[in-house]
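See below for target20.cif, which holds mmCIF, C-alpha atoms.
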```cif
data_query
loop_
_atom_site.label_atom_id
_atom_site.label_comp_id
_atom_site.auth_asym_id
_atom_site.auth_seq_id
_atom_site.Cartn_x
_atom_site.Cartn_y
_atom_site.Cartn_z
CA MET A 289 0.00 0.00 0.00
CA SER A 290 1.31 3.46 -0.92
CA ASP A 291 1.54 6.39 1.49
CA TYR A 292 -0.86 8.33 -0.74
CA ARG A 293 -4.35 7.00 -1.43
CA LEU A 294 -6.71 8.77 -3.83
CA PHE A 295 -10.42 7.97 -3.76
CA GLY A 296 -11.89 9.20 -7.02
CA ALA A 297 -14.00 8.50 -10.06
CA ASP A 298 -13.28 8.58 -13.77
CA THR A 299 -16.49 10.60 -14.13
CA SER A 300 -15.17 13.34 -11.79
CA PRO A 301 -13.07 16.13 -13.35
CA TYR A 302 -11.62 17.05 -9.96
CA SER A 303 -10.50 13.44 -9.45
CA GLN A 304 -8.79 13.51 -12.83
CA LYS A 305 -7.16 16.82 -11.95
CA VAL A 306 -5.56 15.39 -8.80
CA ARG A 307 -4.66 12.02 -10.35
CA SER A 308 -2.80 13.66 -13.24
CA PHE A 309 -0.99 15.96 -10.83
CA LEU A 310 0.20 13.03 -8.70
CA ARG A 311 1.48 11.34 -11.84
CA TYR A 312 3.28 14.51 -12.94
CA LYS A 313 4.96 14.76 -9.53
CA ASN A 314 6.08 11.11 -9.78
CA ILE A 315 4.34 10.34 -6.50
CA ASP A 316 3.49 6.71 -5.87
CA PHE A 317 -0.21 6.46 -4.98
CA ASP A 318 -3.08 4.02 -4.89
CA TRP A 319 -6.03 4.94 -7.07
CA ILE A 320 -9.28 3.77 -5.45
CA SER A 321 -12.30 4.04 -7.69
CA ARG A 322 -15.13 4.84 -5.31
CA ASP A 323 -17.82 2.19 -5.36
CA ARG A 324 -20.21 0.35 -3.06
CA GLY A 325 -17.45 -1.95 -1.85
CA ASN A 326 -15.28 0.83 -0.38
CA GLU A 327 -18.01 3.27 0.65
CA GLU A 328 -17.56 2.62 4.36
CA GLU A 329 -13.84 3.36 4.16
CA PHE A 330 -14.53 6.51 2.15
CA GLN A 331 -17.15 7.78 4.59
CA ALA A 332 -14.77 7.27 7.52
CA GLN A 333 -12.35 9.83 6.06
CA ALA A 334 -14.59 12.17 4.04
CA LYS A 335 -16.26 15.34 5.29
CA THR A 336 -18.41 15.76 2.17
CA PRO A 337 -20.01 13.10 -0.07
CA THR A 338 -17.91 14.05 -3.10
CA VAL A 339 -14.61 12.90 -4.60
CA PRO A 340 -11.69 13.34 -4.76
CA LEU A 341 -10.44 12.36 -1.34
CA LEU A 342 -6.66 12.29 -0.92
CA ILE A 343 -5.19 10.56 2.09
CA SER A 344 -1.61 11.74 2.66
CA PRO A 345 1.16 10.54 4.99
CA GLU A 346 1.69 13.87 6.77
CA ARG A 347 -1.39 15.98 6.09
CA PRO A 348 -5.09 15.64 6.96
CA ALA A 349 -7.34 14.01 4.40
CA SER A 350 -8.43 16.58 1.81
CA GLN A 351 -11.21 16.85 -0.77
CA ASP A 352 -10.51 20.31 -2.22
CA SER A 353 -8.65 19.79 -5.49
CA THR A 354 -7.11 23.27 -5.49
CA ALA A 355 -5.85 22.89 -1.91
CA ILE A 356 -4.56 19.39 -2.72
CA LEU A 357 -2.49 20.65 -5.65
CA ALA A 358 -1.06 23.50 -3.56
CA ALA A 359 -0.10 21.11 -0.74
CA LEU A 360 1.49 18.62 -3.13
CA GLU A 361 3.44 21.44 -4.78
CA ALA A 362 4.73 22.54 -1.38
CA ASP A 363 5.74 18.99 -0.42
CA HIS A 364 7.15 17.96 -3.81
CA ALA A 365 8.72 20.99 -5.47
CA GLU A 366 10.04 19.16 -8.54
CA PRO A 367 9.04 19.01 -11.26
CA SER A 368 7.56 22.43 -10.68
CA ALA A 369 4.00 23.29 -11.67
CA VAL A 370 4.35 27.00 -10.81
CA PRO A 371 5.47 29.32 -13.64
CA ASP A 372 8.75 31.14 -12.91
CA ASP A 373 7.30 34.38 -14.27
CA ALA A 374 5.32 36.00 -11.43
CA ALA A 375 2.76 37.45 -13.83
CA ALA A 376 2.21 34.08 -15.50
CA SER A 377 1.86 32.44 -12.08
CA ALA A 378 -0.96 34.85 -11.18
CA LEU A 379 -2.70 34.21 -14.49
CA ALA A 380 -2.51 30.47 -13.82
CA LEU A 381 -4.50 30.99 -10.61
CA ILE A 382 -7.21 32.80 -12.56
CA LEU A 383 -7.42 30.08 -15.20
CA GLU A 384 -7.55 27.34 -12.56
CA ASP A 385 -10.55 29.00 -10.94
CA TYR A 386 -12.17 29.58 -14.35
CA ALA A 387 -11.96 25.84 -15.00
CA ASP A 388 -13.18 24.73 -11.59
CA GLU A 389 -16.07 27.17 -11.22
CA TRP A 390 -17.12 28.28 -14.72
CA LEU A 391 -16.06 25.66 -17.27
CA ASN A 392 -17.49 23.02 -14.95
CA LYS A 393 -20.94 24.55 -15.49
CA CYS A 394 -20.48 24.03 -19.22
CA MET A 395 -19.35 20.43 -18.79
CA PHE A 396 -22.24 19.71 -16.43
CA LEU A 397 -24.76 21.14 -18.89
CA GLU A 398 -23.36 19.17 -21.82
CA ARG A 399 -23.40 15.91 -19.84
CA TRP A 400 -26.72 16.12 -18.01
CA GLY A 401 -28.72 18.66 -20.02
CA GLN A 402 -29.43 16.51 -23.08
CA LYS A 403 -30.83 13.03 -23.12
CA PRO A 404 -28.41 11.00 -25.30
CA ASP A 405 -25.38 12.16 -23.32
CA ARG A 406 -27.24 11.97 -20.00
CA ASP A 407 -28.22 8.33 -20.50
CA ALA A 408 -24.67 7.28 -21.40
CA ALA A 409 -23.18 9.22 -18.47
CA ALA A 410 -25.69 7.76 -16.02
CA LEU A 411 -24.71 4.25 -17.12
CA ARG A 412 -21.01 5.06 -16.62
CA VAL A 413 -21.76 6.24 -13.08
CA LEU A 414 -23.78 3.12 -12.37
CA VAL A 415 -21.06 0.80 -13.66
CA GLN A 416 -18.52 2.61 -11.50
CA LEU A 417 -20.69 2.20 -8.39
CA TYR A 418 -20.88 -1.53 -9.06
CA GLY A 419 -17.11 -1.94 -9.25
CA GLY A 420 -16.83 -1.78 -13.04
CA LYS A 421 -19.65 -4.20 -13.86
CA ARG A 422 -23.09 -3.37 -15.19
CA PRO A 423 -25.81 -4.81 -12.94
CA ARG A 424 -28.42 -7.03 -14.59
CA ALA A 425 -31.45 -4.87 -13.84
CA TYR A 426 -29.85 -1.53 -14.55
CA LYS A 427 -32.27 0.58 -16.60
CA LYS A 428 -34.37 1.85 -13.68
CA ALA A 429 -31.28 2.83 -11.70
CA GLN A 430 -29.75 4.40 -14.80
CA THR A 431 -32.86 6.53 -15.28
CA GLN A 432 -32.89 7.56 -11.63
CA ILE A 433 -29.25 8.68 -11.76
CA GLY A 434 -29.87 10.71 -14.91
CA GLU A 435 -32.95 12.38 -13.47
CA ARG A 436 -31.22 13.15 -10.18
CA MET A 437 -28.29 14.80 -11.93
CA ALA A 438 -30.58 16.73 -14.28
CA ASP A 439 -32.37 18.09 -11.21
CA ARG A 440 -29.04 19.51 -10.03
CA LEU A 441 -28.49 21.59 -13.16
CA PRO A 442 -30.06 24.77 -11.70
CA LEU A 443 -27.75 24.61 -8.68
CA VAL A 444 -24.74 25.32 -10.89
CA GLY A 445 -26.57 27.72 -13.20
CA ALA A 446 -26.86 25.24 -16.07
CA THR A 447 -30.48 26.12 -16.78
CA PRO A 448 -32.27 26.30 -20.14
CA GLU A 449 -32.18 30.10 -19.86
CA ASN A 450 -28.39 30.05 -19.54
CA ALA A 451 -27.73 27.21 -21.96
CA ASP A 452 -26.92 29.29 -25.04
CA THR A 453 -24.53 31.50 -23.05
CA LEU A 454 -22.70 28.50 -21.59
CA LYS A 455 -22.41 26.63 -24.88
CA ALA A 456 -21.07 29.68 -26.70
CA SER A 457 -18.66 30.29 -23.81
CA TRP A 458 -16.98 26.88 -23.75
CA GLN A 459 -16.79 26.63 -27.53
CA ARG A 460 -15.23 30.09 -27.75
CA PHE A 461 -12.75 29.25 -25.00
CA ALA A 462 -11.88 25.91 -26.60
CA SER A 463 -11.17 27.59 -29.94
CA LEU A 464 -8.98 30.25 -28.34
CA LEU A 465 -7.10 27.67 -26.25
CA ASN A 466 -6.63 25.49 -29.33
CA ALA A 467 -4.94 28.39 -31.10
CA HIS A 468 -2.67 28.89 -28.09
CA LEU A 469 -1.78 25.19 -27.81
CA LYS A 470 -0.88 25.11 -31.47
CA GLU A 471 2.13 27.25 -30.49
CA HIS A 472 2.88 25.90 -26.99
CA LEU A 473 3.12 22.42 -25.43
CA TYR A 474 1.33 23.63 -22.30
CA ILE A 475 -0.45 26.86 -21.42
CA PHE A 476 2.61 28.54 -19.90
CA GLY A 477 5.32 26.88 -21.94
CA GLY A 478 7.20 23.62 -21.62
CA ARG A 479 5.55 22.23 -18.49
CA PRO A 480 2.04 22.21 -17.02
CA SER A 481 0.69 24.52 -14.33
CA ALA A 482 -2.36 24.09 -12.10
CA ALA A 483 -4.31 25.77 -14.90
CA ASP A 484 -3.46 22.93 -17.29
CA PHE A 485 -4.57 20.27 -14.82
CA SER A 486 -7.86 22.02 -14.07
CA LEU A 487 -8.79 22.94 -17.63
CA ALA A 488 -7.78 19.60 -19.11
CA ALA A 489 -9.85 17.73 -16.52
CA GLN A 490 -13.03 19.52 -17.61
CA PHE A 491 -12.36 18.93 -21.31
CA GLN A 492 -11.39 15.30 -20.66
CA GLN A 493 -14.88 14.86 -19.25
CA MET A 494 -16.42 16.51 -22.32
CA LEU A 495 -14.48 14.10 -24.49
CA MET A 496 -16.35 11.24 -22.76
CA ASP A 497 -19.71 12.67 -23.86
CA GLU A 498 -20.68 12.24 -27.49
CA THR A 499 -22.08 15.67 -28.30
CA PRO A 500 -19.24 17.88 -26.99
CA SER A 501 -16.65 15.25 -27.96
CA ASN A 502 -17.69 15.38 -31.61
CA TRP A 503 -17.43 19.17 -31.62
CA LEU A 504 -14.02 19.21 -29.94
CA LYS A 505 -12.55 16.56 -32.23
CA GLU A 506 -13.79 18.40 -35.31
CA ASN A 507 -12.81 21.92 -34.26
CA THR A 508 -9.93 21.76 -31.75
CA PRO A 509 -7.38 19.05 -32.60
CA PHE A 510 -4.52 20.61 -30.62
CA LEU A 511 -6.71 20.84 -27.51
CA VAL A 512 -7.70 17.19 -27.90
CA ALA A 513 -4.05 16.13 -28.20
CA TRP A 514 -3.19 18.23 -25.12
CA CYS A 515 -5.98 16.53 -23.16
CA GLU A 516 -4.54 13.13 -24.04
CA ASN A 517 -1.07 14.27 -22.97
CA MET A 518 -2.45 15.65 -19.70
CA GLU A 519 -3.49 12.18 -18.57
CA ASP A 520 0.16 11.61 -17.61
CA PRO A 521 2.07 14.81 -18.42
CA LYS A 522 5.84 15.19 -18.40
CA PRO A 523 7.90 18.40 -18.27
CA GLY A 524 9.20 19.07 -21.75
CA ALA A 525 11.05 22.35 -21.22
CA PRO A 526 11.10 25.32 -18.83
CA PHE A 527 8.18 27.68 -18.41
CA GLU A 528 8.18 30.65 -20.77
CA ASP A 529 8.02 34.36 -19.99
CA LEU A 530 4.66 36.04 -20.38
CA GLU A 531 5.90 38.12 -23.29
CA LYS A 532 6.43 34.95 -25.37
CA LEU A 533 2.92 33.70 -24.54
CA LYS A 534 1.02 36.94 -24.87
CA SER A 535 -0.03 36.91 -28.52
CA THR A 536 -2.27 33.84 -28.11
CA LEU A 537 -2.86 33.97 -24.34
CA ALA A 538 -4.26 37.51 -24.23
CA PRO A 539 -7.25 36.73 -26.50
CA ILE A 540 -8.32 33.98 -24.06
CA PHE A 541 -8.63 36.59 -21.32
CA ALA A 542 -9.97 39.44 -23.45
CA GLU A 543 -12.52 37.54 -25.51
CA GLU A 544 -13.68 34.98 -22.95
CA LEU A 545 -12.75 35.44 -19.28
CA ALA A 546 -13.40 39.20 -19.24
CA LYS A 547 -16.86 38.68 -20.73
CA THR A 548 -18.11 35.58 -18.91
CA TYR A 549 -16.33 34.17 -15.89
CA LEU A 550 -15.04 37.37 -14.30
CA PRO A 551 -18.34 39.30 -14.24
CA TRP A 552 -20.13 36.20 -12.96
CA ALA A 553 -17.46 35.41 -10.35
CA LYS A 554 -17.43 38.99 -9.06
CA ALA A 555 -21.23 39.08 -8.79
CA ASN A 556 -21.40 35.63 -7.19
CA ALA A 557 -18.74 36.50 -4.60
CA ALA A 558 -20.61 39.69 -3.70
CA SER A 559 -23.89 37.78 -3.44
CA ALA A 560 -22.28 35.14 -1.22
CA GLY A 561 -20.81 37.85 0.97
CA ARG A 562 -24.27 39.36 1.44
CA ARG A 563 -25.77 35.90 1.98
CA LYS A 564 -28.22 36.32 -0.87
CA ASP A 565 -29.93 33.26 -2.33
CA LYS A 566 -29.73 34.35 -5.96
CA VAL A 567 -27.12 36.06 -8.10
CA SER A 568 -27.61 37.93 -11.35
CA ALA A 569 -24.86 39.13 -13.69
CA THR A 570 -24.46 40.34 -17.25
CA VAL A 571 -22.47 37.65 -19.01
CA ALA A 572 -21.51 38.08 -22.67
CA ASP A 573 -24.22 40.74 -23.04
CA ALA A 574 -26.90 38.42 -21.65
CA SER A 575 -28.55 38.12 -18.26
CA PHE A 576 -27.22 35.17 -16.27
CA GLU A 577 -29.12 34.20 -13.12
CA GLN A 578 -28.63 31.30 -10.74
CA THR A 579 -28.48 30.19 -7.13
CA THR A 580 -25.57 31.80 -5.31
CA GLN A 581 -22.60 29.43 -5.02
CA THR A 582 -20.97 30.06 -1.64
CA TYR A 583 -17.90 27.89 -2.16
CA ALA A 584 -17.21 29.43 -5.57
CA GLY A 585 -17.49 32.86 -3.99
CA ALA A 586 -14.90 32.02 -1.35
CA ALA A 587 -12.61 30.47 -3.96
CA PHE A 588 -12.76 33.58 -6.13
CA ASP A 589 -12.13 35.86 -3.16
CA SER A 590 -8.90 33.92 -2.54
CA VAL A 591 -7.85 34.24 -6.17
CA ARG A 592 -8.72 37.93 -6.27
CA LYS A 593 -6.69 38.59 -3.11
CA ALA A 594 -3.67 36.71 -4.49
CA VAL A 595 -3.79 38.50 -7.85
CA LYS A 596 -4.32 41.92 -6.26
CA SER A 597 -1.21 41.41 -4.16
CA CYS A 598 0.78 40.93 -7.39
CA LEU A 599 -0.47 44.01 -9.25
CA SER A 600 2.76 45.82 -8.47
CA ASN A 601 4.18 43.58 -11.19
CA ASP A 602 4.07 45.80 -14.29
CA ASP A 603 3.76 42.88 -16.72
CA LEU A 604 0.73 41.49 -14.89
CA LYS A 605 -0.97 44.85 -14.54
CA THR A 606 -0.40 45.66 -18.21
CA PHE A 607 -1.71 42.26 -19.32
CA LEU A 608 -4.86 42.51 -17.20
CA THR A 609 -5.43 46.12 -18.29
CA GLU A 610 -5.06 45.34 -21.98
CA THR A 611 -7.47 42.38 -21.68
CA ASP A 612 -10.15 44.37 -19.75
CA CYS A 613 -9.70 42.25 -16.62
CA VAL A 614 -7.85 44.56 -14.24
CA SER A 615 -10.88 46.31 -12.70
CA VAL A 616 -12.02 43.06 -11.07
CA PHE A 617 -8.73 42.71 -9.21
CA SER A 618 -7.66 46.29 -8.48
#
```
For this file, produce the structure as structure tokens.
Amino acid sequence: MSDYRLFGADTSPYSQKVRSFLRYKNIDFDWISRDRGNEEEFQAQAKTPTVPLLISPERPASQDSTAILAALEADHAEPSAVPDDAAASALALILEDYADEWLNKCMFLERWGQKPDRDAAALRVLVQLYGGKRPRAYKKAQTQIGERMADRLPLVGATPENADTLKASWQRFASLLNAHLKEHLYIFGGRPSAADFSLAAQFQQMLMDETPSNWLKENTPFLVAWCENMEDPKPGAPFEDLEKLKSTLAPIFAEELAKTYLPWAKANAASAGRRKDKVSATVADASFEQTTQTYAGAAFDSVRKAVKSCLSNDDLKTFLTETDCVSVFS
């Protein structure tokens, strides 16, 4: 048995995020696919009913993927997943949160918001729960899983009213990222950052679902190849300076994050701070309303604080100013 044990699921982007990071760090770990047979062991360590759950030799058990990556980076410095350029490092934090809190909405909608994909995903979940085998009488349980997950769509803002905004958002982001990855092995150069692990995990999930998978394979071949590489990434070269990344990285922020994620994240954090039940924001020139997400609000507050503390860096301030993002952080 290894010192590190990771309870997860192939259907969980956050599990994939942590698993790939452990592989990148060359850390020996046991992967435990959560199912009915190990539920008692999982519940004994978990504080919430969700995966991942990482059990470490010297730290408390953790289920927050962002906190897990930060702790592993602190304990295992090499190979590094933190860009050397301070401005790039701050941008990686923003992109990680974008993936975890905004792109996840898009993935969730694509998986559970349309029946062909929902049925296939529900069966994958069921097979996982039964230790990799499909139970004989499975159709009723499959339907129940699909319906239960569809009922959760409003909780993350993946409603019919927001569907067009979310679909346009992830497809725009995927196209912009594809153009960037055509020129760079990873987002910040020759090795992956936390942003790579978070973003790839969401797109790896989309590649499991027929509808978004078909679109990605047809329109974003470099992104698809990057997702495959991110299953078990290796450092290829040093990180690059922001100036060398700017021509294709800036459009990602200017044309997508500044118009969707950042206005929503700012409004959601404010709503959470005021303990309001609902949040409303203008996203890509459309009204976007949903239930306030308290955890996402706290996560964004942490990112905003970290980025604000780095605004004395001229390269970062210039980049965020030129991409219409700086007002959220200053």
**Length of the CA of Gln432 in chain A to CA of Gln492 in chain A vector [Å]** =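 Computing the Euclidean distance for CA of Gln432 in chain A and CA of Gln492 in chain A yields 24.6 Å.
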**Message:** When you count all atoms listed in the file, which of these residues is closest to Leu550 in chain A: A:Val571, A:Ala538, A:Leu465, A:Leu511?
**Reply:** A:Val571
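From CA of Thr431 in chain A back to CA of Ala456 in chain A, the distance works out to 28.4 Å.
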**Item:** Distance of CA of Ser377 in chain A from CA of Val591 in chain A, expressed in Å to one decimal place
**Value:** 11.5 Å
**Message:** List the spatial neighbours of Ser300 in chain A as number ranges by chain - criterion: any atom at most 9 Å away, only C-alpha atoms, same-chain residues fewer than 6 positions off excluded.
**Reply:** A: 339-340, 489-490, 493
Reference answer for the PyMOL selection byres ((chain A and resi 618) around 9), as an mmCIF file with C-alpha atoms, keeping the file's coordinate frame:
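Produced file expr_25.cif, reproduced below:
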```
data_model
loop_
_atom_site.group_PDB
_atom_site.id
_atom_site.type_symbol
_atom_site.label_atom_id
_atom_site.label_comp_id
_atom_site.auth_asym_id
_atom_site.auth_seq_id
_atom_site.Cartn_x
_atom_site.Cartn_y
_atom_site.Cartn_z
ATOM 1 C CA ARG A 592 -8.720 37.930 -6.270
ATOM 2 C CA VAL A 595 -3.790 38.500 -7.850
ATOM 3 C CA LYS A 596 -4.320 41.920 -6.260
ATOM 4 C CA LEU A 599 -0.470 44.010 -9.250
ATOM 5 C CA VAL A 614 -7.850 44.560 -14.240
ATOM 6 C CA SER A 615 -10.880 46.310 -12.700
ATOM 7 C CA VAL A 616 -12.020 43.060 -11.070
ATOM 8 C CA PHE A 617 -8.730 42.710 -9.210
#
```
**Asked** Restricting the calculation to all atoms listed in the file, which member of A:Thr609, A:Lys470, A:Ala378, A:Phe295 is positioned closest to Ser590 in chain A?
**Response** A:Ala378
**Request:** Around the point (-9.1, 13.5, -13.9) in the file's coordinates, collect all residues with an atom within 10 Å, using all atoms listed in the file, and return them as a PyMOL selection string.
**Result:** chain A and resi 296-309+340+485-486+488-493+518-519
Could those residues be written to a file, using C-alpha atoms, as a PDB file, keeping the file's coordinate frame?
```pdb
ATOM      1  CA  GLY A 296     -11.890   9.200  -7.020  1.00  0.00           C
ATOM      2  CA  ALA A 297     -14.000   8.500 -10.060  1.00  0.00           C
ATOM      3  CA  ASP A 298     -13.280   8.580 -13.770  1.00  0.00           C
ATOM      4  CA  THR A 299     -16.490  10.600 -14.130  1.00  0.00           C
ATOM      5  CA  SER A 300     -15.170  13.340 -11.790  1.00  0.00           C
ATOM      6  CA  PRO A 301     -13.070  16.130 -13.350  1.00  0.00           C
ATOM      7  CA  TYR A 302     -11.620  17.050  -9.960  1.00  0.00           C
ATOM      8  CA  SER A 303     -10.500  13.440  -9.450  1.00  0.00           C
ATOM      9  CA  GLN A 304      -8.790  13.510 -12.830  1.00  0.00           C
ATOM     10  CA  LYS A 305      -7.160  16.820 -11.950  1.00  0.00           C
ATOM     11  CA  VAL A 306      -5.560  15.390  -8.800  1.00  0.00           C
ATOM     12  CA  ARG A 307      -4.660  12.020 -10.350  1.00  0.00           C
ATOM     13  CA  SER A 308      -2.800  13.660 -13.240  1.00  0.00           C
ATOM     14  CA  PHE A 309      -0.990  15.960 -10.830  1.00  0.00           C
ATOM     15  CA  PRO A 340     -11.690  13.340  -4.760  1.00  0.00           C
ATOM     16  CA  PHE A 485      -4.570  20.270 -14.820  1.00  0.00           C
ATOM     17  CA  SER A 486      -7.860  22.020 -14.070  1.00  0.00           C
ATOM     18  CA  ALA A 488      -7.780  19.600 -19.110  1.00  0.00           C
ATOM     19  CA  ALA A 489      -9.850  17.730 -16.520  1.00  0.00           C
ATOM     20  CA  GLN A 490     -13.030  19.520 -17.610  1.00  0.00           C
ATOM     21  CA  PHE A 491     -12.360  18.930 -21.310  1.00  0.00           C
ATOM     22  CA  GLN A 492     -11.390  15.300 -20.660  1.00  0.00           C
ATOM     23  CA  GLN A 493     -14.880  14.860 -19.250  1.00  0.00           C
ATOM     24  CA  MET A 518      -2.450  15.650 -19.700  1.00  0.00           C
ATOM     25  CA  GLU A 519      -3.490  12.180 -18.570  1.00  0.00           C
TER      26      GLU A 519
END
```
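With all atoms listed in the file as the atoms that count, the minimum distance from Asp573 in chain A to the choices A:Asp372, A:Glu328, A:Glu398, A:Asp452 is reached by A:Asp452.
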**Message:** Can you pull out the residues contacting Tyr418 in chain A? Cut-off 7 Å, using all atoms listed in the file, and skip same-chain residues under 3 positions away; I want them as JSON, numbers by chain.
**Reply:** {"A": [323, 324, 414, 415, 421, 422]}
**Item:** Which residue of A:Ala375, A:Val567, A:Ala572, A:Ala369 approaches Val444 in chain A most closely, using all atoms listed in the file
**Value:** A:Val567
**Prompt:** A:Glu471, A:Asp388, A:Asp497, A:Asp363: which is nearest Trp400 in chain A, counting only C-alpha atoms?
**Reply:**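 Once distances to Trp400 in chain A are computed over only C-alpha atoms, the minimum belongs to A:Asp497.
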**Request:** Can you pull out every residue within 12 Å of Leu441 in chain A, counting all atoms listed in the file, but drop anything in the same chain fewer than 6 positions away, and send it as a list in words?
**Result:**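 Everything that qualifies: Asn392, Lys393, Cys394, Met395, Phe396, Leu397, Glu398, Arg399, Trp400, Gly401, Gln402, Arg406, Gly434, Glu435, Thr447, Pro448, Glu449, Asn450, Ala451, Gln578 and Thr579 of chain A.
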**Prompt:** Written as a ChimeraX atom specification, which residues does the PyMOL selection byres ((chain A and resi 552) around 9) give for the file shown?
**Reply:** /A:390,547-551,553-557,567-571,576
Generate the missing atoms of range 530-546 of chain A up to N, CA and C atoms and report them as an mmCIF file, in the frame of the given file.
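Saved as part-v2.cif:
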```cif
data_model
loop_
_atom_site.group_PDB
_atom_site.id
_atom_site.type_symbol
_atom_site.label_atom_id
_atom_site.label_comp_id
_atom_site.auth_asym_id
_atom_site.auth_seq_id
_atom_site.Cartn_x
_atom_site.Cartn_y
_atom_site.Cartn_z
ATOM 1 N N LEU A 530 5.974 35.610 -19.912
ATOM 2 C CA LEU A 530 4.660 36.040 -20.380
ATOM 3 C C LEU A 530 4.723 36.690 -21.754
ATOM 4 N N GLU A 531 5.786 37.422 -22.010
ATOM 5 C CA GLU A 531 5.900 38.120 -23.290
ATOM 6 C C GLU A 531 5.857 37.149 -24.468
ATOM 7 N N LYS A 532 6.413 35.940 -24.292
ATOM 8 C CA LYS A 532 6.430 34.950 -25.370
ATOM 9 C C LYS A 532 5.074 34.241 -25.531
ATOM 10 N N LEU A 533 4.217 34.365 -24.529
ATOM 11 C CA LEU A 533 2.920 33.700 -24.540
ATOM 12 C C LEU A 533 1.789 34.637 -24.942
ATOM 13 N N LYS A 534 2.068 35.913 -24.863
ATOM 14 C CA LYS A 534 1.020 36.940 -24.870
ATOM 15 C C LYS A 534 0.146 36.950 -26.116
ATOM 16 N N SER A 535 0.723 36.725 -27.279
ATOM 17 C CA SER A 535 -0.030 36.910 -28.520
ATOM 18 C C SER A 535 -1.244 35.986 -28.618
ATOM 19 N N THR A 536 -1.130 34.770 -28.062
ATOM 20 C CA THR A 536 -2.270 33.840 -28.110
ATOM 21 C C THR A 536 -2.933 33.660 -26.748
ATOM 22 N N LEU A 537 -2.253 34.073 -25.667
ATOM 23 C CA LEU A 537 -2.860 33.970 -24.340
ATOM 24 C C LEU A 537 -3.804 35.138 -24.063
ATOM 25 N N ALA A 538 -3.437 36.329 -24.498
ATOM 26 C CA ALA A 538 -4.260 37.510 -24.230
ATOM 27 C C ALA A 538 -5.676 37.386 -24.792
ATOM 28 N N PRO A 539 -5.877 36.863 -26.016
ATOM 29 C CA PRO A 539 -7.250 36.730 -26.500
ATOM 30 C C PRO A 539 -8.131 35.839 -25.632
ATOM 31 N N ILE A 540 -7.543 34.843 -24.964
ATOM 32 C CA ILE A 540 -8.320 33.980 -24.060
ATOM 33 C C ILE A 540 -8.927 34.814 -22.948
ATOM 34 N N PHE A 541 -8.147 35.729 -22.406
ATOM 35 C CA PHE A 541 -8.630 36.590 -21.320
ATOM 36 C C PHE A 541 -9.560 37.675 -21.852
ATOM 37 N N ALA A 542 -9.193 38.310 -22.943
ATOM 38 C CA ALA A 542 -9.970 39.440 -23.450
ATOM 39 C C ALA A 542 -11.306 39.025 -24.045
ATOM 40 N N GLU A 543 -11.317 37.931 -24.775
ATOM 41 C CA GLU A 543 -12.520 37.540 -25.510
ATOM 42 C C GLU A 543 -13.397 36.548 -24.764
ATOM 43 N N GLU A 544 -12.870 35.946 -23.692
ATOM 44 C CA GLU A 544 -13.680 34.980 -22.950
ATOM 45 C C GLU A 544 -13.764 35.317 -21.473
ATOM 46 N N LEU A 545 -12.668 35.268 -20.724
ATOM 47 C CA LEU A 545 -12.750 35.440 -19.280
ATOM 48 C C LEU A 545 -13.326 36.799 -18.879
ATOM 49 N N ALA A 546 -12.929 37.856 -19.589
ATOM 50 C CA ALA A 546 -13.400 39.200 -19.240
ATOM 51 C C ALA A 546 -14.894 39.367 -19.488
#
```
